[in-house]
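S.K.: Starting off with a structure, shown below.
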There are 2 protein chains.
Amino acid sequence: MTVTIKDVAKMAGVSISTVSRVINNSKPVSSDIRDRVLKVIKETGYVPNPVARSLVMKKSQIIGVIVPDISNLLIGELLNGIEEIGRMYDYDILLCNTYGEIEEELKYINLLKSKSVAGIVFVTGKIDEKTVNAIEEGNVPAVYIGKNAKDFDIYSVSIDHEKASYEMTKYLIEKGNKKIAFFRASIEDNIEDSERYKGYKKALEDSNIELDKSIVLQGDETSDSGYMLAKDLIEKENIPEAVFASSDEVAIGAMNAFIDNSIKVPEEVKIAGYDDIKIASMVRPSLTTIKTPIYDIGAVSARMIIKMINKEQLDSKHIILPYTLMNRQSTN
Amino acid sequence: MTVTIKDVAKMAGVSISTVSRVINNSKPVSSDIRDRVLKVIKETGYVPNPVARSLVMKKSQIIGVIVPDISNLLIGELLNGIEEIGRMYDYDILLCNTYGEIEEELKYINLLKSKSVAGIVFVTGKIDEKTVNAIEEGNVPAVYIGKNAKDFDIYSVSIDHEKASYEMTKYLIEKGNKKIAFFRASIEDNIEDSERYKGYKKALEDSNIELDKSIVLQGDETSDSGYMLAKDLIEKENIPEAVFASSDEVAIGAMNAFIDNSIKVPEEVKIAGYDDIKIASMVRPSLTTIKTPIYDIGAVSARMIIKMINKEQLDSKHIILPYTLMNRQSTN
DNA sequence: GTGAAAGCGCTAACAT
DNA sequence: ATGTTAGCGCTTTCAC
């Protein structure tokens, strides 16, 4: 049988409250008794039962992480960041996969609340008012990672996608490209709402390049989608000087379409992606892209949650992390 | 305040035991009372507290998953498999990242036991006797995913790496290659213990090709490592007809080294990888590789655990899943 | 078929 | 400084 606080108390010849006091350092205990208890704990290998503890404290040492897709390449990095900070403060991760469905999100929010998690990191494509309400009424520390976080009065961490996108487009323009296609890796909502698209558009405007809607294309976030989009352009003989895709996978798909059709990258067409997933530097030509600090986003989120748990002061509700333009072969 | 079983009981005018009986279907309850209780539950939105339940049942609806590296591309897929089966039976995932360190593994095993998890999926490079002992004495259903699972009397799921490796090597030989390099993505233990190496070696033997140790190289699992290994061969002017790497990333690294040195793939050197990570089909030339059914490994593991929990019969302790040789551009 | 009561392992008043 | 006790929310004997 596993040893309980009762066993320890009996063996040390003290009451269970005393044992509780030494394991939690919650109240002074005379040093000889403390030593005796500690000795018994060591001998028996006693570990406080976290479930019982959670029940009375109404808090567990668990951070719930809600994500739309575990198998996504970026999510692993994000989890890594959360985990690494979490472990420093002794928090474990309960992972919830929603497939981006709002009902699943709601379901998991309630589940996490019923499990008395210490905090929630909520990752989603688009943050919905319903989910925000569900989380906020739970009175659980939460950090949101999602496009439209600043539309709500919530804690979030993100990067300035519009600015990053603007910078990449400007960079492409400065390289002498005028006909720059934009491949958007999402068909969900209106492209006009997309930060990345806004940045692209603004950069063109600022350089007096007219927006050419025939090369602004939408697909999903797969490389296949990027491939199809580029192939379409090739078939229509509407080949741009450069393609800026709002996701690396799409960019690589597009790159492959050109390569497969004997159109040289970067000689005949430049390609730029977004996110700097591992693959970006592994393909040839290697992909110019915006490096989003996804590990850091996870780490900062976890850090924020822990600060909230400990009632420490937070500097700001919305944290914006810096990005980096990774200049590689595909645009040079 | 959140509503408890007590509240429901009071509102329905019954005892808490009756409420417990209806929510668990554990004992017959007259239908009118049952309806009354159900009605109150619906009205109040009552959800049984899983923590309290775990405490008394000494079991939670959680499957602990211990992995060496969350950010690894394959792990995401594996988690996906576990999650998808888990959710069907209402199990959640507690994720533990060990960095491959055995102390961490041990720590998490104990943590999971103290949390009364329903089962453990244990993923590791090499399974150690200590970890096996720690898990088995916990009397928790567990499934192991690791190279040397069959050295122990434990439940495991894997694929026949030796056979897969043999087949790939044979395939390369049949394509007319004799000088086939082997890049091993691990420096940890003796290469002679490696299943993949054994398969490679055996295939050469069976084709009367002498093993050339000068092209059997070890590095780590990164593409950089593959790059260095290949570069080394190039500099020594010891270029093989084909390279078989025991990991896709290493294979791609090697491929890049050849490409960067104007050695054409597959015209001048063929490349084959292992695992079929997402990138494998995205690079150009696309990579011939062994597709390991990593999602299925996760799904089957979860299914086994659930069968064990439910005391269902299991066909066999070691489950071997089929692989597929993905024939792509890099060898044709 | 239903309720009362004990107890899971722990924390936190409340006494002393 | 230490012990006694109530209680967290639930399941499960044990009576009736």
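Residues in the structure tokens are numbered from 1 in each chain, the chains being A, B, ... in the order shown, and ligands are numbered from 1 in the order shown.
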Please identify every residue of chain A that has at least one atom no farther than 9 Å from an atom of chain C, counting only C-alpha atoms (C1' of nucleotides), and for each give the shortest atom pair and the distance in Å to one decimal, arranged by chain then increasing number, as a tab-separated table.

M.R.:
residue	atom	partner	partner_atom	distance
A:Thr4	CA	C:DG9	C1'	6.9
A:Ile5	CA	C:DG9	C1'	7.2
A:Lys6	CA	C:DG9	C1'	8.4
A:Ser17	CA	C:DT11	C1'	8.2
A:Ser20	CA	C:DT11	C1'	7.6
A:Pro48	CA	C:DC10	C1'	8.1
A:Asn49	CA	C:DG9	C1'	6.5
A:Pro50	CA	C:DC10	C1'	8.6
A:Val51	CA	C:DG9	C1'	8.1
A:Ala52	CA	C:DG9	C1'	5.0
A:Arg53	CA	C:DC10	C1'	5.2
A:Ser54	CA	C:DC10	C1'	8.5
A:Leu55	CA	C:DC10	C1'	8.0
A:Val56	CA	C:DT11	C1'	6.3
A:Met57	CA	C:DT11	C1'	7.1

S.K.: Could those residues be written to a file, using N, CA and C atoms, as a tab-separated table (two decimals), in the first residue's frame?

M.R.:
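Result written to out.tsv:
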chain	number	residue	atom	x	y	z
A	4	THR	N	0.38	7.12	3.50
A	4	THR	CA	-0.37	8.37	3.58
A	4	THR	C	0.13	9.24	4.72
A	5	ILE	N	-0.44	10.39	4.81
A	5	ILE	CA	-0.03	11.34	5.85
A	5	ILE	C	-0.27	10.73	7.24
A	6	LYS	N	-1.31	9.93	7.31
A	6	LYS	CA	-1.66	9.26	8.57
A	6	LYS	C	-0.53	8.33	9.03
A	17	SER	N	-1.66	16.99	11.40
A	17	SER	CA	-1.51	18.42	11.11
A	17	SER	C	-0.05	18.82	11.15
A	20	SER	N	1.47	17.76	8.03
A	20	SER	CA	1.03	18.69	6.99
A	20	SER	C	1.85	19.98	7.07
A	48	PRO	N	2.85	13.33	-0.82
A	48	PRO	CA	1.48	13.78	-0.58
A	48	PRO	C	0.61	13.47	-1.79
A	49	ASN	N	-0.57	13.03	-1.56
A	49	ASN	CA	-1.48	12.71	-2.65
A	49	ASN	C	-2.04	14.00	-3.27
A	50	PRO	N	-1.65	14.26	-4.53
A	50	PRO	CA	-2.07	15.52	-5.14
A	50	PRO	C	-3.58	15.61	-5.36
A	51	VAL	N	-4.22	14.47	-5.46
A	51	VAL	CA	-5.66	14.50	-5.69
A	51	VAL	C	-6.38	14.99	-4.44
A	52	ALA	N	-5.99	14.42	-3.31
A	52	ALA	CA	-6.61	14.85	-2.06
A	52	ALA	C	-6.32	16.33	-1.82
A	53	ARG	N	-5.11	16.68	-2.10
A	53	ARG	CA	-4.72	18.08	-1.92
A	53	ARG	C	-5.57	19.00	-2.79
A	54	SER	N	-5.73	18.60	-4.05
A	54	SER	CA	-6.54	19.41	-4.95
A	54	SER	C	-7.95	19.56	-4.44
A	55	LEU	N	-8.46	18.47	-3.89
A	55	LEU	CA	-9.85	18.49	-3.45
A	55	LEU	C	-10.07	19.56	-2.37
A	56	VAL	N	-9.17	19.59	-1.42
A	56	VAL	CA	-9.39	20.57	-0.36
A	56	VAL	C	-8.96	21.98	-0.76
A	57	MET	N	-7.87	22.05	-1.52
A	57	MET	CA	-7.38	23.37	-1.91
A	57	MET	C	-8.18	23.96	-3.08

S.K.: Return the neighbours of chain A among the residues of chain D, cut-off 12 Å, counting only C-alpha atoms (C1' of nucleotides), as an mmCIF file with N, CA, C and O atoms (P, O5', C5', C4', C3', O3' and C1' of nucleotides), in the first residue's frame.

M.R.:
data_model
loop_
_atom_site.group_PDB
_atom_site.id
_atom_site.type_symbol
_atom_site.label_atom_id
_atom_site.label_comp_id
_atom_site.auth_asym_id
_atom_site.auth_seq_id
_atom_site.Cartn_x
_atom_site.Cartn_y
_atom_site.Cartn_z
ATOM 1 P P DA D 1 6.368 28.341 17.708
ATOM 2 O "O5'" DA D 1 6.511 26.760 17.589
ATOM 3 C "C5'" DA D 1 7.345 26.086 18.492
ATOM 4 C "C4'" DA D 1 6.576 24.940 19.090
ATOM 5 C "C3'" DA D 1 6.234 23.833 18.093
ATOM 6 O "O3'" DA D 1 6.377 22.588 18.770
ATOM 7 C "C1'" DA D 1 4.230 24.670 19.051
ATOM 8 P P DT D 2 6.397 21.256 17.971
ATOM 9 O "O5'" DT D 2 4.899 20.789 18.072
ATOM 10 C "C5'" DT D 2 4.500 20.014 19.205
ATOM 11 C "C4'" DT D 2 3.007 19.892 19.241
ATOM 12 C "C3'" DT D 2 2.404 18.944 18.216
ATOM 13 O "O3'" DT D 2 2.142 17.711 18.871
ATOM 14 C "C1'" DT D 2 1.033 20.860 18.632
ATOM 15 P P DG D 3 1.483 16.486 18.142
ATOM 16 O "O5'" DG D 3 -0.061 16.731 18.475
ATOM 17 C "C5'" DG D 3 -0.462 16.820 19.836
ATOM 18 C "C4'" DG D 3 -1.957 17.021 19.920
ATOM 19 C "C3'" DG D 3 -2.784 16.016 19.109
ATOM 20 O "O3'" DG D 3 -3.914 15.638 19.899
ATOM 21 C "C1'" DG D 3 -3.350 18.220 18.465
ATOM 22 P P DT D 4 -4.891 14.488 19.474
ATOM 23 O "O5'" DT D 4 -6.259 15.281 19.271
ATOM 24 C "C5'" DT D 4 -6.559 16.421 20.074
ATOM 25 C "C4'" DT D 4 -7.907 16.974 19.628
ATOM 26 C "C3'" DT D 4 -8.827 15.978 18.918
ATOM 27 O "O3'" DT D 4 -10.155 16.229 19.318
ATOM 28 C "C1'" DT D 4 -8.407 17.791 17.476
ATOM 29 P P DT D 5 -11.370 15.383 18.746
ATOM 30 O "O5'" DT D 5 -11.781 16.311 17.507
ATOM 31 C "C5'" DT D 5 -12.136 17.679 17.765
ATOM 32 C "C4'" DT D 5 -12.609 18.319 16.480
ATOM 33 C "C3'" DT D 5 -13.557 17.444 15.646
ATOM 34 O "O3'" DT D 5 -14.681 18.225 15.307
ATOM 35 C "C1'" DT D 5 -11.813 18.293 14.291
ATOM 36 P P DA D 6 -15.960 17.568 14.684
ATOM 37 O "O5'" DA D 6 -16.253 18.528 13.441
ATOM 38 C "C5'" DA D 6 -15.965 19.921 13.567
ATOM 39 C "C4'" DA D 6 -15.738 20.510 12.186
ATOM 40 C "C3'" DA D 6 -16.711 19.995 11.118
ATOM 41 O "O3'" DA D 6 -17.099 21.099 10.331
ATOM 42 C "C1'" DA D 6 -14.499 19.630 10.406
ATOM 43 P P DG D 7 -18.306 20.963 9.331
ATOM 44 O "O5'" DG D 7 -17.558 20.784 7.928
ATOM 45 C "C5'" DG D 7 -16.645 21.789 7.522
ATOM 46 C "C4'" DG D 7 -15.923 21.299 6.287
ATOM 47 C "C3'" DG D 7 -16.834 20.554 5.294
ATOM 48 O "O3'" DG D 7 -16.531 21.001 3.995
ATOM 49 C "C1'" DG D 7 -14.941 19.295 5.747
ATOM 50 P P DC D 8 -17.651 21.117 2.918
ATOM 51 O "O5'" DC D 8 -16.843 21.220 1.562
ATOM 52 C "C5'" DC D 8 -15.679 22.000 1.406
ATOM 53 C "C4'" DC D 8 -14.737 21.266 0.478
ATOM 54 C "C3'" DC D 8 -15.460 20.359 -0.505
ATOM 55 O "O3'" DC D 8 -15.694 21.080 -1.711
ATOM 56 C "C1'" DC D 8 -13.502 19.308 0.451
ATOM 57 P P DG D 9 -17.159 21.247 -2.275
ATOM 58 O "O5'" DG D 9 -17.421 19.859 -3.009
ATOM 59 C "C5'" DG D 9 -16.608 19.498 -4.106
ATOM 60 C "C4'" DG D 9 -16.807 18.035 -4.397
ATOM 61 C "C3'" DG D 9 -18.273 17.626 -4.606
ATOM 62 O "O3'" DG D 9 -18.348 16.956 -5.850
ATOM 63 C "C1'" DG D 9 -17.221 16.180 -3.066
ATOM 64 P P DC D 10 -19.655 16.279 -6.401
ATOM 65 O "O5'" DC D 10 -19.385 14.755 -6.062
ATOM 66 C "C5'" DC D 10 -18.423 14.056 -6.832
ATOM 67 C "C4'" DC D 10 -17.923 12.850 -6.080
ATOM 68 C "C3'" DC D 10 -18.863 11.649 -6.058
ATOM 69 O "O3'" DC D 10 -18.606 10.855 -7.209
ATOM 70 C "C1'" DC D 10 -17.708 11.981 -3.965
#

S.K.: From a DSSP pass on the backbone, collect the residues of region 55-126 of chain A flagged as alpha helix (DSSP H) and hand them back as a ChimeraX atom specification.

M.R.: /A:55-57,73-88,102-114

S.K.: Restricted to C-alpha atoms, what would the selected residues look like written as a compact mmCIF listing (two decimals), in the first residue's frame?

M.R.:
# COMPACT_ATOMS: atom_id res chain seq x y z
CA LEU A 55 -9.85 18.49 -3.45
CA VAL A 56 -9.39 20.57 -0.36
CA MET A 57 -7.38 23.37 -1.91
CA LEU A 73 4.37 21.54 -36.26
CA LEU A 74 4.23 24.79 -34.35
CA ILE A 75 2.22 23.50 -31.44
CA GLY A 76 4.99 21.17 -30.36
CA GLU A 77 7.33 24.12 -29.99
CA LEU A 78 4.69 26.05 -28.12
CA LEU A 79 4.09 23.18 -25.72
CA ASN A 80 7.80 22.96 -25.22
CA GLY A 81 7.89 26.55 -24.07
CA ILE A 82 4.97 26.09 -21.72
CA GLU A 83 6.37 22.89 -20.36
CA GLU A 84 9.82 24.23 -19.69
CA ILE A 85 8.55 27.14 -17.64
CA GLY A 86 5.86 25.04 -16.03
CA ARG A 87 8.31 22.48 -14.76
CA MET A 88 10.32 25.17 -13.02
CA ILE A 102 -15.84 25.87 -30.57
CA GLU A 103 -17.98 23.25 -28.85
CA GLU A 104 -14.88 21.27 -28.07
CA GLU A 105 -13.24 24.40 -26.75
CA LEU A 106 -16.18 25.03 -24.47
CA LYS A 107 -16.25 21.43 -23.36
CA TYR A 108 -12.60 21.48 -22.44
CA ILE A 109 -12.82 24.81 -20.68
CA ASN A 110 -15.45 23.33 -18.41
CA LEU A 111 -13.49 20.16 -17.97
CA LEU A 112 -10.42 22.09 -16.93
CA LYS A 113 -12.41 24.14 -14.52
CA SER A 114 -13.92 21.04 -12.97

S.K.: List every residue of region 82-322 of chain A that DSSP, applied to the backbone, labels as strand (DSSP E or B), and write the result as number ranges by chain.

M.R.: A: 92-97, 119-123, 142-145, 156-159, 180-184, 216-218, 242-245, 270-275, 288-291, 318-321

S.K.: With only C-alpha atoms as the atoms that count, which of B:Val243, B:Leu95, B:Leu314, B:Ile290 lies nearest to chain A?

M.R.: B:Leu95

S.K.: Hey, can you check how far CA of Asp69 (chain A) sits from CA of Glu188 (chain A)?

M.R.: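 Distance between the two atoms: 16.0 Å.
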
S.K.: Which polymer residues have any atom within 9 Å of an atom of Leu229 (chain A), counting only C-alpha atoms (C1' of nucleotides), with same-chain residues fewer than 4 positions away left out, as an MDAnalysis selection string?

M.R.: chainID A and resid 183 217:219 224:225 233:234 250 253:254 257

S.K.: Compile the contact shell of Gly119 (chain A) as number ranges by chain: residues with an atom at most 6 Å away, counting only C-alpha atoms (C1' of nucleotides), same-chain residues fewer than 5 positions apart removed.

M.R.: A: 63, 140-142

S.K.: CA of Ile294 (chain B) and CA of Glu205 (chain B) are how many Å apart?

M.R.: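 Calculated distance between CA of Ile294 (chain B) and CA of Glu205 (chain B) is 29.7 Å.
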
S.K.: Do you have the CA of Lys231 (chain B)-CA of Ile252 (chain B) distance handy?

M.R.: 12.6 Å
